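Student: Pasting query_1.tsv below, which is TSV, C-alpha atoms (C1' of nucleotides).
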```tsv
chain	number	residue	atom	x	y	z
A	13	MET	CA	17.62	-26.77	5.86
A	14	ARG	CA	13.83	-26.66	6.17
A	15	ILE	CA	11.62	-23.68	5.48
A	16	SER	CA	11.05	-22.99	9.17
A	17	GLU	CA	14.77	-22.51	9.78
A	18	ALA	CA	15.15	-20.46	6.62
A	19	SER	CA	12.37	-18.29	7.98
A	20	THR	CA	14.03	-17.85	11.37
A	21	GLN	CA	17.40	-17.04	9.83
A	22	SER	CA	16.19	-14.66	7.12
A	23	GLY	CA	13.51	-12.96	9.17
A	24	LEU	CA	10.89	-13.54	6.48
A	25	SER	CA	7.71	-15.43	7.35
A	26	ILE	CA	7.21	-18.91	5.91
A	27	ASP	CA	4.31	-17.68	3.83
A	28	THR	CA	6.35	-14.78	2.51
A	29	ILE	CA	9.19	-17.09	1.47
A	30	ARG	CA	6.79	-19.30	-0.51
A	31	PHE	CA	5.18	-16.18	-1.95
A	32	TYR	CA	8.59	-14.83	-3.03
A	33	GLU	CA	9.45	-18.11	-4.68
A	34	ARG	CA	6.15	-18.12	-6.58
A	35	SER	CA	6.80	-14.52	-7.60
A	36	GLY	CA	10.21	-15.29	-9.05
A	37	LEU	CA	12.20	-13.37	-6.45
A	38	LEU	CA	14.24	-16.46	-5.77
A	39	PRO	CA	14.99	-19.38	-8.09
A	40	PRO	CA	12.87	-22.50	-7.46
A	41	VAL	CA	14.22	-24.01	-4.27
A	42	GLU	CA	15.53	-27.57	-4.33
A	43	ARG	CA	13.24	-30.27	-2.93
A	44	GLY	CA	14.03	-33.34	-0.86
A	45	PRO	CA	12.70	-36.81	-1.78
A	46	ASP	CA	9.66	-35.97	0.34
A	47	GLY	CA	8.81	-33.02	-1.90
A	48	ARG	CA	9.66	-30.44	0.74
A	49	ARG	CA	11.93	-27.48	0.21
A	50	ARG	CA	15.58	-27.71	1.23
A	51	PHE	CA	17.29	-24.35	1.54
A	52	SER	CA	21.03	-23.98	1.03
A	53	ALA	CA	23.13	-21.36	2.82
A	54	VAL	CA	23.19	-19.40	-0.45
A	55	ASP	CA	19.38	-19.42	-0.57
A	56	VAL	CA	19.23	-18.07	2.95
A	57	ASP	CA	21.76	-15.33	2.18
A	58	TRP	CA	19.64	-14.29	-0.74
A	59	LEU	CA	16.48	-14.32	1.39
A	60	THR	CA	18.22	-12.21	4.01
A	61	LEU	CA	19.20	-9.67	1.37
A	62	LEU	CA	15.63	-9.61	0.07
A	63	ALA	CA	14.33	-9.14	3.62
A	64	SER	CA	16.64	-6.20	4.09
A	65	LEU	CA	15.72	-4.56	0.79
A	66	ARG	CA	12.00	-5.13	1.22
A	67	GLY	CA	12.07	-4.04	4.86
A	68	THR	CA	13.51	-0.71	3.74
A	69	GLY	CA	10.92	-0.17	1.04
A	70	MET	CA	12.24	-1.60	-2.23
A	71	PRO	CA	9.21	-2.56	-4.35
A	72	MET	CA	8.84	-6.20	-5.41
A	73	LYS	CA	9.08	-5.16	-9.04
A	74	THR	CA	12.57	-3.78	-8.48
A	75	MET	CA	13.59	-6.83	-6.47
A	76	ARG	CA	12.39	-9.08	-9.27
A	77	HIS	CA	14.40	-7.03	-11.75
A	78	PHE	CA	17.45	-7.32	-9.51
A	79	ALA	CA	16.94	-11.10	-9.20
A	80	ASP	CA	16.71	-11.40	-12.99
A	81	LEU	CA	19.95	-9.47	-13.42
A	82	TYR	CA	21.62	-11.65	-10.81
A	83	ARG	CA	20.68	-14.79	-12.70
A	84	GLN	CA	22.36	-13.45	-15.84
A	85	GLY	CA	25.76	-13.48	-14.23
A	86	ASP	CA	28.64	-11.04	-13.84
A	87	LYS	CA	27.97	-9.09	-17.01
A	88	THR	CA	25.02	-7.42	-15.24
A	89	VAL	CA	27.13	-6.11	-12.36
A	90	PRO	CA	26.97	-2.48	-13.59
A	91	GLN	CA	23.17	-2.57	-13.75
A	92	ARG	CA	22.92	-4.21	-10.34
A	93	ARG	CA	25.24	-1.55	-8.99
A	94	GLU	CA	22.82	1.07	-10.32
A	95	VAL	CA	19.88	-0.58	-8.57
A	96	LEU	CA	21.69	-0.73	-5.25
A	97	LEU	CA	23.00	2.82	-5.55
A	98	GLU	CA	19.50	4.11	-6.13
A	99	HIS	CA	18.28	2.16	-3.14
A	100	ALA	CA	21.05	3.70	-1.05
A	101	ASN	CA	19.66	7.10	-2.04
A	102	HIS	CA	16.23	5.91	-1.05
A	103	LEU	CA	17.61	4.94	2.37
A	104	GLU	CA	18.82	8.47	2.86
A	105	ARG	CA	15.43	9.96	1.98
A	106	GLN	CA	13.83	7.54	4.41
A	107	ARG	CA	16.26	8.58	7.09
A	108	ASN	CA	15.23	12.18	6.57
A	109	ALA	CA	11.56	11.24	6.88
A	110	LEU	CA	12.40	9.40	10.11
A	111	ASP	CA	14.23	12.44	11.46
A	112	ARG	CA	11.40	14.82	10.62
A	113	CYS	CA	8.88	12.50	12.24
A	114	ALA	CA	11.03	12.13	15.34
A	115	GLU	CA	11.18	15.92	15.62
A	116	ILE	CA	7.42	16.22	15.40
A	117	LEU	CA	7.00	13.50	18.02
A	118	THR	CA	9.46	15.19	20.36
A	119	TYR	CA	7.56	18.44	20.03
A	120	LYS	CA	4.17	16.81	20.59
A	121	LEU	CA	5.40	14.79	23.55
A	122	LYS	CA	6.83	17.92	25.16
A	123	ARG	CA	3.51	19.65	24.77
A	124	TYR	CA	1.69	16.65	26.24
A	125	ASP	CA	4.00	16.74	29.24
A	126	GLU	CA	3.29	20.43	29.75
A	127	ILE	CA	-0.46	19.82	29.65
A	128	THR	CA	-0.15	17.01	32.17
A	129	GLU	CA	1.98	19.13	34.51
A	130	ASP	CA	-0.47	22.03	34.30
A	131	ALA	CA	-3.27	19.70	35.28
A	132	VAL	CA	-1.41	18.49	38.39
B	7	MET	CA	-8.39	25.99	0.94
B	8	ARG	CA	-9.19	23.43	-1.76
B	9	ILE	CA	-8.19	19.78	-1.74
B	10	SER	CA	-5.41	20.30	-4.30
B	11	GLU	CA	-3.65	22.81	-2.06
B	12	ALA	CA	-4.20	20.63	1.01
B	13	SER	CA	-2.57	17.84	-0.98
B	14	THR	CA	0.43	19.96	-1.92
B	15	GLN	CA	0.93	21.22	1.62
B	16	SER	CA	0.46	17.92	3.43
B	17	GLY	CA	2.25	15.74	0.92
B	18	LEU	CA	-0.68	13.32	0.71
B	19	SER	CA	-2.31	12.63	-2.65
B	20	ILE	CA	-5.83	13.95	-3.27
B	21	ASP	CA	-7.16	10.40	-3.40
B	22	THR	CA	-5.45	9.52	-0.15
B	23	ILE	CA	-6.95	12.56	1.60
B	24	ARG	CA	-10.45	11.56	0.51
B	25	PHE	CA	-9.71	7.97	1.50
B	26	TYR	CA	-8.53	9.08	4.95
B	27	GLU	CA	-11.68	11.13	5.45
B	28	ARG	CA	-13.86	8.17	4.47
B	29	SER	CA	-11.84	5.99	6.86
B	30	GLY	CA	-12.40	8.30	9.81
B	31	LEU	CA	-8.78	9.42	10.12
B	32	LEU	CA	-9.88	13.01	9.94
B	33	PRO	CA	-13.25	14.47	10.90
B	34	PRO	CA	-15.59	15.21	7.99
B	35	VAL	CA	-14.14	18.24	6.26
B	36	GLU	CA	-16.31	21.35	5.90
B	37	ARG	CA	-17.88	21.96	2.51
B	38	GLY	CA	-18.41	25.18	0.59
B	39	PRO	CA	-21.82	26.09	-0.92
B	40	ASP	CA	-20.69	24.23	-4.04
B	41	GLY	CA	-20.34	20.99	-2.10
B	42	ARG	CA	-16.56	20.94	-2.36
B	43	ARG	CA	-14.25	20.47	0.59
B	44	ARG	CA	-12.70	23.51	2.26
B	45	PHE	CA	-9.68	22.69	4.40
B	46	SER	CA	-8.72	24.85	7.37
B	47	ALA	CA	-5.12	25.30	8.52
B	48	VAL	CA	-5.91	22.93	11.38
B	49	ASP	CA	-7.09	20.27	8.92
B	50	VAL	CA	-3.84	20.61	6.98
B	51	ASP	CA	-1.74	20.38	10.16
B	52	TRP	CA	-3.55	17.18	11.03
B	53	LEU	CA	-3.04	15.80	7.51
B	54	THR	CA	0.64	16.66	7.71
B	55	LEU	CA	0.93	14.77	10.99
B	56	LEU	CA	-0.89	11.80	9.48
B	57	ALA	CA	1.44	11.90	6.47
B	58	SER	CA	4.45	11.82	8.74
B	59	LEU	CA	3.12	8.96	10.87
B	60	ARG	CA	1.97	6.89	7.90
B	61	GLY	CA	5.17	7.60	5.97
B	62	THR	CA	7.13	6.10	8.85
B	63	GLY	CA	4.99	3.00	9.09
B	64	MET	CA	2.20	3.62	11.59
B	65	PRO	CA	-0.72	1.35	10.61
B	66	MET	CA	-4.04	2.98	9.76
B	67	LYS	CA	-5.67	1.20	12.65
B	68	THR	CA	-3.37	2.94	15.11
B	69	MET	CA	-3.87	6.29	13.39
B	70	ARG	CA	-7.62	5.84	13.62
B	71	HIS	CA	-7.29	5.05	17.31
B	72	PHE	CA	-5.15	8.15	17.77
B	73	ALA	CA	-7.70	10.27	15.90
B	74	ASP	CA	-10.50	8.91	18.10
B	75	LEU	CA	-8.53	9.79	21.23
B	76	TYR	CA	-7.86	13.25	19.87
B	77	ARG	CA	-11.57	13.89	19.37
B	78	GLN	CA	-12.23	13.03	23.00
B	79	GLY	CA	-10.23	16.01	24.22
B	80	ASP	CA	-7.50	16.61	26.75
B	81	LYS	CA	-8.43	13.75	29.07
B	82	THR	CA	-6.91	11.31	26.54
B	83	VAL	CA	-3.51	13.02	26.52
B	84	PRO	CA	-1.86	10.19	28.52
B	85	GLN	CA	-3.09	7.57	26.05
B	86	ARG	CA	-2.03	9.67	23.09
B	87	ARG	CA	1.34	10.11	24.72
B	88	GLU	CA	1.61	6.30	24.91
B	89	VAL	CA	0.82	5.95	21.20
B	90	LEU	CA	3.42	8.50	20.17
B	91	LEU	CA	6.04	7.07	22.51
B	92	GLU	CA	5.58	3.64	21.03
B	93	HIS	CA	5.88	5.09	17.55
B	94	ALA	CA	9.11	6.81	18.61
B	95	ASN	CA	10.42	3.36	19.54
B	96	HIS	CA	9.30	2.09	16.16
B	97	LEU	CA	11.28	4.89	14.52
B	98	GLU	CA	14.40	3.70	16.28
B	99	ARG	CA	13.90	0.11	15.15
B	100	GLN	CA	13.40	1.39	11.63
B	101	ARG	CA	16.57	3.40	11.86
B	102	ASN	CA	18.45	0.26	12.82
B	103	ALA	CA	16.98	-1.58	9.85
B	104	LEU	CA	18.10	1.29	7.64
B	105	ASP	CA	21.61	1.15	9.07
B	106	ARG	CA	21.91	-2.60	8.59
B	107	CYS	CA	20.68	-2.31	5.01
B	108	ALA	CA	23.10	0.54	4.30
B	109	GLU	CA	25.93	-1.63	5.58
B	110	ILE	CA	24.94	-4.51	3.32
B	111	LEU	CA	24.70	-2.16	0.35
B	112	THR	CA	28.12	-0.67	1.06
B	113	TYR	CA	29.61	-4.14	1.20
B	114	LYS	CA	27.90	-5.26	-2.01
B	115	LEU	CA	28.84	-2.09	-3.85
B	116	LYS	CA	32.45	-2.46	-2.80
B	117	ARG	CA	32.48	-6.01	-4.14
B	118	TYR	CA	30.89	-4.87	-7.40
B	119	ASP	CA	33.60	-2.24	-7.79
B	120	GLU	CA	36.27	-4.88	-7.25
B	121	ILE	CA	34.77	-7.13	-9.90
B	122	THR	CA	34.58	-4.25	-12.35
B	123	GLU	CA	38.19	-3.29	-11.68
B	124	ASP	CA	39.38	-6.86	-12.12
B	125	ALA	CA	37.68	-6.96	-15.48
B	126	VAL	CA	39.44	-3.81	-16.66
C	21	DT	C1'	-23.01	30.28	-24.45
C	22	DA	C1'	-19.52	27.04	-24.79
C	23	DC	C1'	-15.77	25.02	-22.78
C	24	DC	C1'	-12.29	23.48	-19.66
C	25	DA	C1'	-10.26	22.51	-15.18
C	26	DA	C1'	-11.10	20.98	-10.74
C	27	DG	C1'	-13.88	18.59	-7.78
C	28	DC	C1'	-17.32	14.91	-6.52
C	29	DT	C1'	-18.94	9.73	-5.63
C	30	DG	C1'	-18.90	4.79	-5.91
C	31	DG	C1'	-16.53	1.14	-7.13
C	32	DA	C1'	-12.86	-1.61	-9.36
C	33	DG	C1'	-7.91	-2.76	-9.38
C	34	DC	C1'	-3.38	-3.49	-7.45
C	35	DA	C1'	0.71	-4.62	-4.29
C	36	DG	C1'	2.27	-7.30	-0.83
C	37	DC	C1'	1.42	-10.05	2.10
C	38	DT	C1'	-1.43	-13.32	5.47
C	39	DC	C1'	-4.47	-16.87	6.49
C	40	DC	C1'	-7.05	-21.03	5.75
C	41	DA	C1'	-8.83	-25.65	4.17
C	42	DG	C1'	-7.64	-29.88	3.03
C	43	DG	C1'	-4.09	-32.92	2.05
C	44	DT	C1'	0.80	-35.56	2.42
C	45	DC	C1'	4.59	-37.33	4.93
C	46	DA	C1'	7.95	-38.56	8.78
C	47	DA	C1'	8.48	-39.56	13.50
C	48	DC	C1'	7.25	-41.12	17.70
C	49	DC	C1'	4.35	-43.87	21.09
C	50	DC	C1'	1.82	-47.78	22.39
D	5	DG	C1'	1.01	-52.38	13.00
D	6	DG	C1'	-2.08	-48.44	14.18
D	7	DG	C1'	-2.77	-43.86	15.87
D	8	DT	C1'	-1.40	-39.27	16.73
D	9	DT	C1'	1.25	-35.22	16.18
D	10	DG	C1'	3.48	-31.73	13.74
D	11	DA	C1'	5.87	-29.77	9.91
D	12	DC	C1'	5.16	-29.05	5.30
D	13	DC	C1'	2.52	-28.78	0.84
D	14	DT	C1'	-0.90	-26.29	-2.70
D	15	DG	C1'	-4.48	-23.27	-4.30
D	16	DG	C1'	-7.16	-19.77	-3.29
D	17	DA	C1'	-9.57	-16.30	-0.43
D	18	DG	C1'	-9.04	-12.18	2.46
D	19	DC	C1'	-6.87	-8.01	4.13
D	20	DT	C1'	-4.54	-3.31	4.10
D	21	DG	C1'	-3.64	0.86	2.07
D	22	DC	C1'	-3.80	3.03	-1.41
D	23	DT	C1'	-4.63	4.30	-6.68
D	24	DC	C1'	-7.25	4.75	-10.66
D	25	DC	C1'	-11.36	5.26	-13.39
D	26	DA	C1'	-16.13	6.40	-15.20
D	27	DG	C1'	-19.45	9.49	-15.20
D	28	DC	C1'	-21.25	13.46	-13.19
D	29	DT	C1'	-21.46	18.66	-11.23
D	30	DT	C1'	-19.67	23.17	-10.71
D	31	DG	C1'	-16.93	27.60	-11.28
D	32	DG	C1'	-14.42	30.45	-13.99
D	33	DT	C1'	-12.84	32.18	-18.49
D	34	DA	C1'	-13.41	33.59	-23.65
```
Output the structure of this file as structure tokens.

Tutor:
Amino acid sequence: MRISEASTQSGLSIDTIRFYERSGLLPPVERGPDGRRRFSAVDVDWLTLLASLRGTGMPMKTMRHFADLYRQGDKTVPQRREVLLEHANHLERQRNALDRCAEILTYKLKRYDEITEDAV
Amino acid sequence: MRISEASTQSGLSIDTIRFYERSGLLPPVERGPDGRRRFSAVDVDWLTLLASLRGTGMPMKTMRHFADLYRQGDKTVPQRREVLLEHANHLERQRNALDRCAEILTYKLKRYDEITEDAV
DNA sequence: TACCAAGCTGGAGCAGCTCCAGGTCAACCC
DNA sequence: GGGTTGACCTGGAGCTGCTCCAGCTTGGTA
């Protein structure tokens, strides 16, 4: 499939996909006879995973490391497991930050409502 | 209090605090006779709010807008309410992203465990 | 009086995109 | 066949949001 469809399916922008390829986050994508990229289903799965990791704050450096491990085959499974486990911890910390922020917002919004009611 | 303590209490780095001041996210902080910044409790509360908003993905542009509204007093409460409400929605979208990523990680980790067990 | 830690400013550097100019190529219309 | 449109290409500049650094001032301690 073309880059535009890969973009739609993975949720990454076209520019970001090309940028990720240049940065070594995905192996060089196959090209058609016209020189344009042709993405396989496997490519898109990988892009979707990257989108999910990046969208939840994994740094590119870590993603590149993970991609390198992936390319080395099954013997790197324990290391990859480590990377993902640590990211799972990161998700939990992020969830806490979200909760704390939501609390603050709830408090502020309540106070705003009170002010507005007083004014009426 | 000094910038180092404001940093500890708000969770923002010293450099980030100075950067935020330069960027107009907080009003110019008072200075002591030695020319150094002296942060009031109100300043630190504001910084803590900024830290929470930024840490959950509010762009600086929006924070600057919010700060501008704040400086204009109570008449901007409805607009500020709008800003915070929209950010609350953003928090929910982020939570969904977190959940989806956690699901993917759980699945991947399970598969890794299977591979490892097979090998043993 | 000497020294060290903490603070200051201005500016450079970095991550992670995002956008743009200028070009190629395939497809469709007349 | 010729013209136009639109998707794609590359290389490079620009943007956001920090982060770090050089070179200086100041306050407190020995």

Student: For chain D, work out the contacting residues on chain B at 9 Å, counting only C-alpha atoms (C1' of nucleotides), and write them as a ChimeraX atom specification.

Tutor: /B:21-22,25,40-41,65-66

Student: May I ask you to extract the residues of chain A within 8 Å of chain B, using only C-alpha atoms, and to give them as a list in words?

Tutor: Leu61, Ser64, Leu65, Gly67, Thr68, Val89, Pro90, Arg93, Leu96, Leu97, Ala100, Leu103, Arg107, Ala109, Leu110, Arg112, Cys113, Ala114, Ile116, Leu117, Leu121, Tyr124 and Thr128 of chain A

Student: Write out as a PDB file with C-alpha atoms (C1' of nucleotides), in the coordinates of the input every residue belonging to chain C that has an atom at most 8 Å from any atom of chain A, counting only C-alpha atoms (C1' of nucleotides).

Tutor:
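Ended up saving to iface_18.pdb:
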```
ATOM      1  C1'  DC C  37       1.420 -10.050   2.100  1.00  0.00           C
ATOM      2  C1'  DT C  38      -1.430 -13.320   5.470  1.00  0.00           C
ATOM      3  C1'  DC C  45       4.590 -37.330   4.930  1.00  0.00           C
TER       4       DC C  45
END
```

Student: What is the distance between atom CA of Ala12 of chain B and atom CA of Val50 of chain B, in Å to one decimal?

Tutor: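 Result for atom CA of Ala12 of chain B versus atom CA of Val50 of chain B: 6.0 Å, one decimal.
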
Student: Just how far from atom CA of Arg24 of chain B is atom CA of Ile9 of chain B, in Å to one decimal?

Tutor: 8.8 Å

Student: What would segment 105-130 of chain A look like with N, CA and C atoms restored, written as a compact mmCIF listing (two decimals), in the coordinates of the input?

Tutor:
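Everything below was put into part_17.txt:
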```
# COMPACT_ATOMS: atom_id res chain seq x y z
N ARG A 105 16.71 9.22 1.93
CA ARG A 105 15.43 9.96 1.98
C ARG A 105 14.58 9.46 3.14
N GLN A 106 14.62 8.13 3.32
CA GLN A 106 13.83 7.54 4.41
C GLN A 106 14.35 8.02 5.75
N ARG A 107 15.66 8.12 5.84
CA ARG A 107 16.26 8.58 7.09
C ARG A 107 15.80 10.00 7.40
N ASN A 108 15.71 10.82 6.37
CA ASN A 108 15.23 12.18 6.57
C ASN A 108 13.79 12.18 7.07
N ALA A 109 12.96 11.34 6.45
CA ALA A 109 11.56 11.24 6.88
C ALA A 109 11.49 10.83 8.35
N LEU A 110 12.34 9.87 8.72
CA LEU A 110 12.40 9.40 10.11
C LEU A 110 12.76 10.56 11.04
N ASP A 111 13.78 11.33 10.63
CA ASP A 111 14.23 12.44 11.46
C ASP A 111 13.13 13.48 11.64
N ARG A 112 12.48 13.82 10.53
CA ARG A 112 11.40 14.82 10.62
C ARG A 112 10.30 14.33 11.54
N CYS A 113 9.93 13.05 11.40
CA CYS A 113 8.88 12.50 12.24
C CYS A 113 9.30 12.51 13.70
N ALA A 114 10.55 12.16 13.96
CA ALA A 114 11.03 12.13 15.34
C ALA A 114 10.95 13.53 15.95
N GLU A 115 11.27 14.52 15.15
CA GLU A 115 11.18 15.92 15.62
C GLU A 115 9.76 16.27 16.01
N ILE A 116 8.84 15.93 15.13
CA ILE A 116 7.42 16.22 15.40
C ILE A 116 7.00 15.52 16.69
N LEU A 117 7.39 14.26 16.82
CA LEU A 117 7.00 13.50 18.02
C LEU A 117 7.57 14.15 19.27
N THR A 118 8.83 14.54 19.21
CA THR A 118 9.46 15.19 20.36
C THR A 118 8.68 16.44 20.78
N TYR A 119 8.32 17.22 19.77
CA TYR A 119 7.56 18.44 20.03
C TYR A 119 6.22 18.12 20.68
N LYS A 120 5.50 17.18 20.08
CA LYS A 120 4.17 16.81 20.59
C LYS A 120 4.27 16.27 22.01
N LEU A 121 5.26 15.41 22.23
CA LEU A 121 5.40 14.79 23.55
C LEU A 121 5.71 15.86 24.60
N LYS A 122 6.52 16.83 24.23
CA LYS A 122 6.83 17.92 25.16
C LYS A 122 5.55 18.67 25.52
N ARG A 123 4.75 18.92 24.51
CA ARG A 123 3.51 19.65 24.77
C ARG A 123 2.58 18.82 25.65
N TYR A 124 2.53 17.52 25.41
CA TYR A 124 1.69 16.65 26.24
C TYR A 124 2.15 16.72 27.68
N ASP A 125 3.47 16.69 27.88
CA ASP A 125 4.00 16.74 29.24
C ASP A 125 3.60 18.04 29.92
N GLU A 126 3.67 19.13 29.17
CA GLU A 126 3.29 20.43 29.75
C GLU A 126 1.83 20.41 30.19
N ILE A 127 0.97 19.89 29.32
CA ILE A 127 -0.46 19.82 29.65
C ILE A 127 -0.67 19.02 30.93
N THR A 128 0.01 17.88 31.00
CA THR A 128 -0.15 17.01 32.17
C THR A 128 0.32 17.71 33.43
N GLU A 129 1.47 18.40 33.34
CA GLU A 129 1.98 19.13 34.51
C GLU A 129 1.03 20.22 34.95
N ASP A 130 0.47 20.96 33.97
CA ASP A 130 -0.47 22.03 34.30
C ASP A 130 -1.65 21.48 35.08
```
